[in-house]
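Colleague: Here it is: the structure, laid out below.
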There are 2 protein chains.
Amino acid sequence: MADRNRRIVLAAVPVGMPREEDFRMEEVAVPVCAANGLLVRTKWVSVDPYLRGRISGVRSYVAPIAVGAVMESGAVGEVVASQDPAFQRGDIVSGFWGWQEFDAVEAAKVQRVDPREAPVSTALGILGMPGMTAYFGLTEVCAPKAGETVVVSGAAGAVGSAVGQIAKILGCRAVGMAGTVAKVNHVKSLGFDDALNYRTDKPYKDVLARMCPKGIDCYFDNVGGEFTDAVLGLMNVRGRVAICGQISQYNDRSLDVGPRPFTPMLVKQLRVEGFLVSRWAGRFGEGREQMAGWLKQGRLRYEETVYEGLESAPRAFIGLFLGENTGKALVSV
Amino acid sequence: MADRNRRIVLAAVPVGMPREEDFRMEEVAVPVCAANGLLVRTKWVSVDPYLRGRISGVRSYVAPIAVGAVMESGAVGEVVASQDPAFQRGDIVSGFWGWQEFDAVEAAKVQRVDPREAPVSTALGILGMPGMTAYFGLTEVCAPKAGETVVVSGAAGAVGSAVGQIAKILGCRAVGMAGTVAKVNHVKSLGFDDALNYRTDKPYKDVLARMCPKGIDCYFDNVGGEFTDAVLGLMNVRGRVAICGQISQYNDRSLDVGPRPFTPMLVKQLRVEGFLVSRWAGRFGEGREQMAGWLKQGRLRYEETVYEGLESAPRAFIGLFLGENTGKALVSV
């Protein structure tokens, strides 16, 4: 086993769009496995849009990562030393830990990953946080009924691509929005009934009206901004909106200003709800089982955009905001 | 009985703030009581903010009142002729009919009002549509728990004053917003824990933060605009917002622009829902019983601002947008 541990720390709080210089690679000693703990060798690091909030320097729903501290996110690794009888060397686990080659983690805070079930990277994607976000956000917040129309922004991403496919499984019309022609084609290949290109298919309202001839009953929003304004104008009475992300705003230092949505919400009796997937943490087992079942039946597919090497993690993270990834963005360590 | 019937028709679609010239008094023959119908002599006409939408010339959730047609709204009257065995001359009924001294109505579309229960004008206020709006909007959309903080805009109005009092009955802290010193004092006299003056207590966020030391769990909005922006910034995690009205916008011809609420809604997992009271039409009996009980116990009070004479109806209606009324605005015909 190596005795050196490479890790990536936050070098500076990014202002606006993060830059690679906001991160720094360090080399330190391999951490020591604590009593009842595990030492894991990182195999996969997840980069996710919500991380932007954690390096903004302000407390949101979790404390920020401090300058000089190791970046951390969802990860999958192999147990290389265990002080917990429930885990052996060679076990694959997922959890939240540092962007580093080795980390010492609490055994109680990791989940076992079965490599025979599905590729272990899915524990960070379709069977992990993004998949649970799609499943519970759609079924619990939007609660679409068969025959309804569901619009999904960021439809080529890890969450959005799953949302549209689940909507189809539930018997809905699924319309996606994505940022490139290739992504629009990918979204359609996943079974979405239609998809529009964020950059070129304007005005959104006209394009959406054509793609949603019976109006919009549910909107699963990962993006925000003007696209949301357009969707709200086409919602049917008693429509439901799940606010999952607002990636168009995460690096924007100006105030997010637009038409206030409250008058259309009143006239159409819309319900709009922001959510974090942690709300359903007690039901992740149920969600994973459902999603794994659909995966095995071939009713659910996923894509991964893999960046090679721990050193590529900052680049992978920045890529989220440049629209580089299709499906789940992952770093192979 | 008089053989002439005075009535008020819409003379022009108002542009921006309605003017008295947008309405016209006419004199026509008294309508004929239809088979199975009733002829009623109007005693009270209700003016309500939602009527602004009905004379905007555009279809909203109901068809607009056409230029030249009789204005109509909630009303209370006395049966002067009945072709339905269930009603006798002298019965008091409430329903929706014209701004006129006499109207012919369908017996199936009116409700009997018992003058021994409460003053009959309450069928248009605390025991009528505004009371049901307050009761169901608060209990079903906001669903406050004892100990939570409820903020109400338009707190001196027919709906808002009831919302705050119900919140107090449910064990909440109630904070109201109203437009004059007299209204603020009235709101406090109804038992609200605190109240602020829309015109002078700025910046709203600072004043509200002082009045809501434990943050805001529920917001019942009748007004919209910048006040709503401030409230949203102070909401607690999993807070609930009921959008009942947006009176600050009804006569504003410019687009309602402000900070988009979706990022705070995401971070705090807020649920914001627009509603129309018709959603609970099947439960109005239950709502009236509950509200009448609280009235009898003296736990609920109401105010009326009465305009004298049918000819004052346009003035009463316009007064809604000038903040003239405290409690329910009514026209005594």
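Numbering starts fresh at 1 for the residues of each chain in the structure tokens, the chains themselves are lettered A, B, ... in the order given, and ligands are numbered from 1 as they appear.
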Chain A near chain B within 7 Å: what's each residue's closest atom pair and its distance in Å to one decimal, counting only C-alpha atoms, ordered by chain then ascending residue number, as a tab-separated table?
Modeller:
```
residue	atom	partner	partner_atom	distance
A:Ser60	CA	B:Val267	CA	6.7
A:Tyr61	CA	B:Val267	CA	6.4
A:Ile243	CA	B:Leu266	CA	6.0
A:Cys244	CA	B:Leu266	CA	6.7
A:Gln246	CA	B:Thr263	CA	6.6
A:Leu255	CA	B:Pro259	CA	6.8
A:Asp256	CA	B:Pro259	CA	5.5
A:Val257	CA	B:Pro259	CA	4.3
A:Gly258	CA	B:Val257	CA	5.3
A:Pro259	CA	B:Val257	CA	4.3
A:Arg260	CA	B:Val257	CA	5.4
A:Phe262	CA	B:Ile243	CA	7.0
A:Thr263	CA	B:Gln246	CA	6.6
A:Met265	CA	B:Gly274	CA	5.0
A:Leu266	CA	B:Gly274	CA	4.0
A:Val267	CA	B:Tyr61	CA	6.4
A:Gln269	CA	B:Gly274	CA	4.3
A:Leu270	CA	B:Gly274	CA	5.4
A:Arg271	CA	B:Glu273	CA	4.2
A:Val272	CA	B:Val272	CA	5.2
A:Glu273	CA	B:Arg271	CA	4.2
A:Gly274	CA	B:Leu266	CA	4.0
A:Phe275	CA	B:Gln269	CA	4.6
A:Leu276	CA	B:Gln269	CA	6.8
```
Colleague: Per DSSP on the backbone, what are the alpha helix (DSSP H) residues of segment 133-168 of chain B, as a VMD selection string?
Modeller: chain B and resid 133 to 136 158 to 168
Colleague: I need the strand (DSSP E or B) residues of segment 73-264 of chain A per DSSP on the backbone, written as number ranges by chain.
Modeller: A: 73-82, 92-98, 100, 102-106, 111-112, 149-153, 157, 173-178, 194-197, 216-221, 235-243, 257-259
Colleague: What lies within 12 Å of Glu303 of chain A using only C-alpha atoms, ignoring chain neighbours under 3 positions off, as an mmCIF file with N, CA and C atoms, in the first residue's frame?
Modeller:
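Writing the result to result_29.cif gives the following:
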```cif
data_model
loop_
_atom_site.group_PDB
_atom_site.id
_atom_site.type_symbol
_atom_site.label_atom_id
_atom_site.label_comp_id
_atom_site.auth_asym_id
_atom_site.auth_seq_id
_atom_site.Cartn_x
_atom_site.Cartn_y
_atom_site.Cartn_z
ATOM 1 N N SER A 121 -20.039 2.145 -9.576
ATOM 2 C CA SER A 121 -20.211 3.595 -9.763
ATOM 3 C C SER A 121 -21.680 4.005 -9.700
ATOM 4 N N THR A 122 -22.603 3.063 -9.923
ATOM 5 C CA THR A 122 -24.027 3.422 -9.857
ATOM 6 C C THR A 122 -24.443 3.839 -8.449
ATOM 7 N N GLY A 125 -24.756 7.299 -8.706
ATOM 8 C CA GLY A 125 -25.617 7.804 -9.767
ATOM 9 C C GLY A 125 -27.030 7.288 -9.642
ATOM 10 N N ILE A 126 -27.373 6.422 -10.558
ATOM 11 C CA ILE A 126 -28.764 5.987 -10.684
ATOM 12 C C ILE A 126 -29.268 5.267 -9.419
ATOM 13 N N ALA A 155 -32.343 17.762 -18.527
ATOM 14 C CA ALA A 155 -32.828 16.396 -18.737
ATOM 15 C C ALA A 155 -31.730 15.416 -19.125
ATOM 16 N N ALA A 156 -30.564 15.910 -19.515
ATOM 17 C CA ALA A 156 -29.479 14.986 -19.860
ATOM 18 C C ALA A 156 -28.605 14.671 -18.655
ATOM 19 N N GLY A 157 -28.847 15.335 -17.543
ATOM 20 C CA GLY A 157 -28.024 15.138 -16.352
ATOM 21 C C GLY A 157 -28.408 13.873 -15.596
ATOM 22 N N ALA A 158 -27.658 13.615 -14.540
ATOM 23 C CA ALA A 158 -27.855 12.385 -13.769
ATOM 24 C C ALA A 158 -29.272 12.322 -13.204
ATOM 25 N N VAL A 159 -29.759 13.416 -12.681
ATOM 26 C CA VAL A 159 -31.099 13.440 -12.082
ATOM 27 C C VAL A 159 -32.165 13.523 -13.176
ATOM 28 N N GLY A 160 -32.023 14.508 -14.066
ATOM 29 C CA GLY A 160 -33.061 14.758 -15.065
ATOM 30 C C GLY A 160 -33.311 13.573 -15.978
ATOM 31 N N SER A 161 -32.243 12.878 -16.373
ATOM 32 C CA SER A 161 -32.435 11.746 -17.285
ATOM 33 C C SER A 161 -33.239 10.648 -16.595
ATOM 34 N N ALA A 162 -33.036 10.477 -15.285
ATOM 35 C CA ALA A 162 -33.815 9.477 -14.551
ATOM 36 C C ALA A 162 -35.265 9.941 -14.376
ATOM 37 N N LYS A 183 -27.111 16.272 -26.564
ATOM 38 C CA LYS A 183 -27.860 15.927 -25.352
ATOM 39 C C LYS A 183 -29.343 15.753 -25.646
ATOM 40 N N HIS A 186 -29.690 12.469 -27.051
ATOM 41 C CA HIS A 186 -29.531 11.460 -25.998
ATOM 42 C C HIS A 186 -30.822 11.320 -25.190
ATOM 43 N N VAL A 187 -31.392 12.455 -24.823
ATOM 44 C CA VAL A 187 -32.625 12.463 -24.028
ATOM 45 C C VAL A 187 -33.747 11.736 -24.784
ATOM 46 N N SER A 189 -33.287 9.472 -27.010
ATOM 47 C CA SER A 189 -32.940 8.045 -27.099
ATOM 48 C C SER A 189 -33.304 7.304 -25.814
ATOM 49 N N LEU A 190 -33.437 8.046 -24.716
ATOM 50 C CA LEU A 190 -33.838 7.421 -23.444
ATOM 51 C C LEU A 190 -35.345 7.202 -23.372
ATOM 52 N N LEU A 300 -34.910 1.345 -17.370
ATOM 53 C CA LEU A 300 -34.201 2.540 -16.908
ATOM 54 C C LEU A 300 -32.760 2.400 -17.383
ATOM 55 N N VAL A 306 -17.001 10.138 -17.460
ATOM 56 C CA VAL A 306 -15.933 9.791 -16.524
ATOM 57 C C VAL A 306 -14.692 10.645 -16.787
ATOM 58 N N ASN A 325 -21.031 17.396 -19.129
ATOM 59 C CA ASN A 325 -21.345 15.988 -18.870
ATOM 60 C C ASN A 325 -22.717 15.591 -19.399
ATOM 61 N N THR A 326 -22.807 14.325 -19.779
ATOM 62 C CA THR A 326 -24.099 13.702 -20.059
ATOM 63 C C THR A 326 -24.256 12.607 -19.014
ATOM 64 N N GLY A 327 -25.364 12.580 -18.354
ATOM 65 C CA GLY A 327 -25.552 11.632 -17.262
ATOM 66 C C GLY A 327 -24.709 12.012 -16.071
ATOM 67 N N LYS A 328 -24.269 10.997 -15.328
ATOM 68 C CA LYS A 328 -23.542 11.255 -14.082
ATOM 69 C C LYS A 328 -22.092 11.611 -14.349
ATOM 70 N N ALA A 329 -21.641 12.716 -13.763
ATOM 71 C CA ALA A 329 -20.229 13.103 -13.864
ATOM 72 C C ALA A 329 -19.457 12.442 -12.729
ATOM 73 N N LEU A 330 -18.426 11.694 -13.074
ATOM 74 C CA LEU A 330 -17.666 10.917 -12.092
ATOM 75 C C LEU A 330 -16.177 11.087 -12.327
#
```
Colleague: Of the candidates B:Thr305, B:Thr139, B:Gln111, B:Thr200, which shows the shortest atom-to-atom distance to Gly319 of chain B, using only C-alpha atoms?
Modeller: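 With only C-alpha atoms as the atom set, the closest residue is B:Thr305.
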Colleague: As an MDAnalysis selection string, please: the residues near Val333 of chain A (cut-off 6 Å, only C-alpha atoms, same-chain neighbours under 4 positions excluded).
Modeller: chainID A and resid 43:44 309:310
Colleague: Can you work out which one of B:Leu138, B:Val110, B:Met129, B:Ala146 has the shortest atom-to-atom distance to Phe96 of chain B, counting only C-alpha atoms?
Modeller: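 The closest residue to Phe96 of chain B is B:Val110.
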Colleague: Counting only C-alpha atoms, which of A:Leu295, A:Ile65, A:Val181, A:Ile55 gets nearest to Val15 of chain A?
Modeller: A:Ile55
Colleague: If we count only C-alpha atoms, what is near Ile92 of chain A at a cut-off of 10 Å, once residues fewer than 6 positions away on the same chain are taken out, given as a list in words?
Modeller: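 Once the adjacent positions are removed, what remains is Val40, Arg41, Thr42, Lys43, Val76, Gly77, Glu78, Val79, Val80, Val110, Gln111, Arg112, Val113, Asp114, Pro115 and Val120 of chain A.
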Colleague: Would you output that residue set with C-alpha atoms, as a compact mmCIF listing (two decimals), in the first residue's frame?
Modeller:
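That gives us part_24.txt:
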```txt
# COMPACT_ATOMS: atom_id res chain seq x y z
CA VAL A 40 -10.85 3.17 2.30
CA ARG A 41 -9.02 3.55 -0.98
CA THR A 42 -11.11 5.84 -3.17
CA LYS A 43 -12.20 4.39 -6.49
CA VAL A 76 -17.07 4.83 -3.62
CA GLY A 77 -14.01 2.96 -2.39
CA GLU A 78 -12.50 -0.30 -1.35
CA VAL A 79 -11.88 -1.17 2.27
CA VAL A 80 -8.12 -1.56 2.78
CA VAL A 110 -20.91 4.01 4.82
CA GLN A 111 -23.14 1.69 2.84
CA ARG A 112 -22.00 -1.62 1.46
CA VAL A 113 -22.06 -1.81 -2.35
CA ASP A 114 -22.57 -5.18 -4.02
CA PRO A 115 -20.47 -5.30 -7.22
CA VAL A 120 -20.21 0.08 -8.26
```
Colleague: Near Phe23 of chain A, counting only C-alpha atoms, which residues have an atom at most 8 Å away, once you skip same-chain residues fewer than 5 positions from it, shown as a list in words?
Modeller: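 The filter keeps Ile8, Val9, Leu10, Ala11, Ala12 and Pro314 of chain A.
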Colleague: May I have the residues within 10 Å of Asp194 of chain A as a list in words, using only C-alpha atoms and disregarding those fewer than 3 positions away in the same chain?
Modeller: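 Counting only the stated atoms, we get Val151, Arg173, Ala174, Val175, Gly176, Met177, Val184, Asn185, Val187, Lys188, Ser189, Gly191, Leu208, Met211 and Cys212 of chain A.
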Colleague: Report, in Å with one decimal, the straight-line distance from atom CA of Ala167 of chain A to atom CA of Thr149 of chain A.
Modeller: 8.6 Å
Colleague: For each of B:Leu38, B:Met235, B:Ala134, B:Ile216, take the minimum atom-to-atom distance to Phe102 of chain B, counting only C-alpha atoms, then give the residue where this is smallest.
Modeller: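 Looking at the shortest contact to Phe102 of chain B, the residue is B:Leu38.
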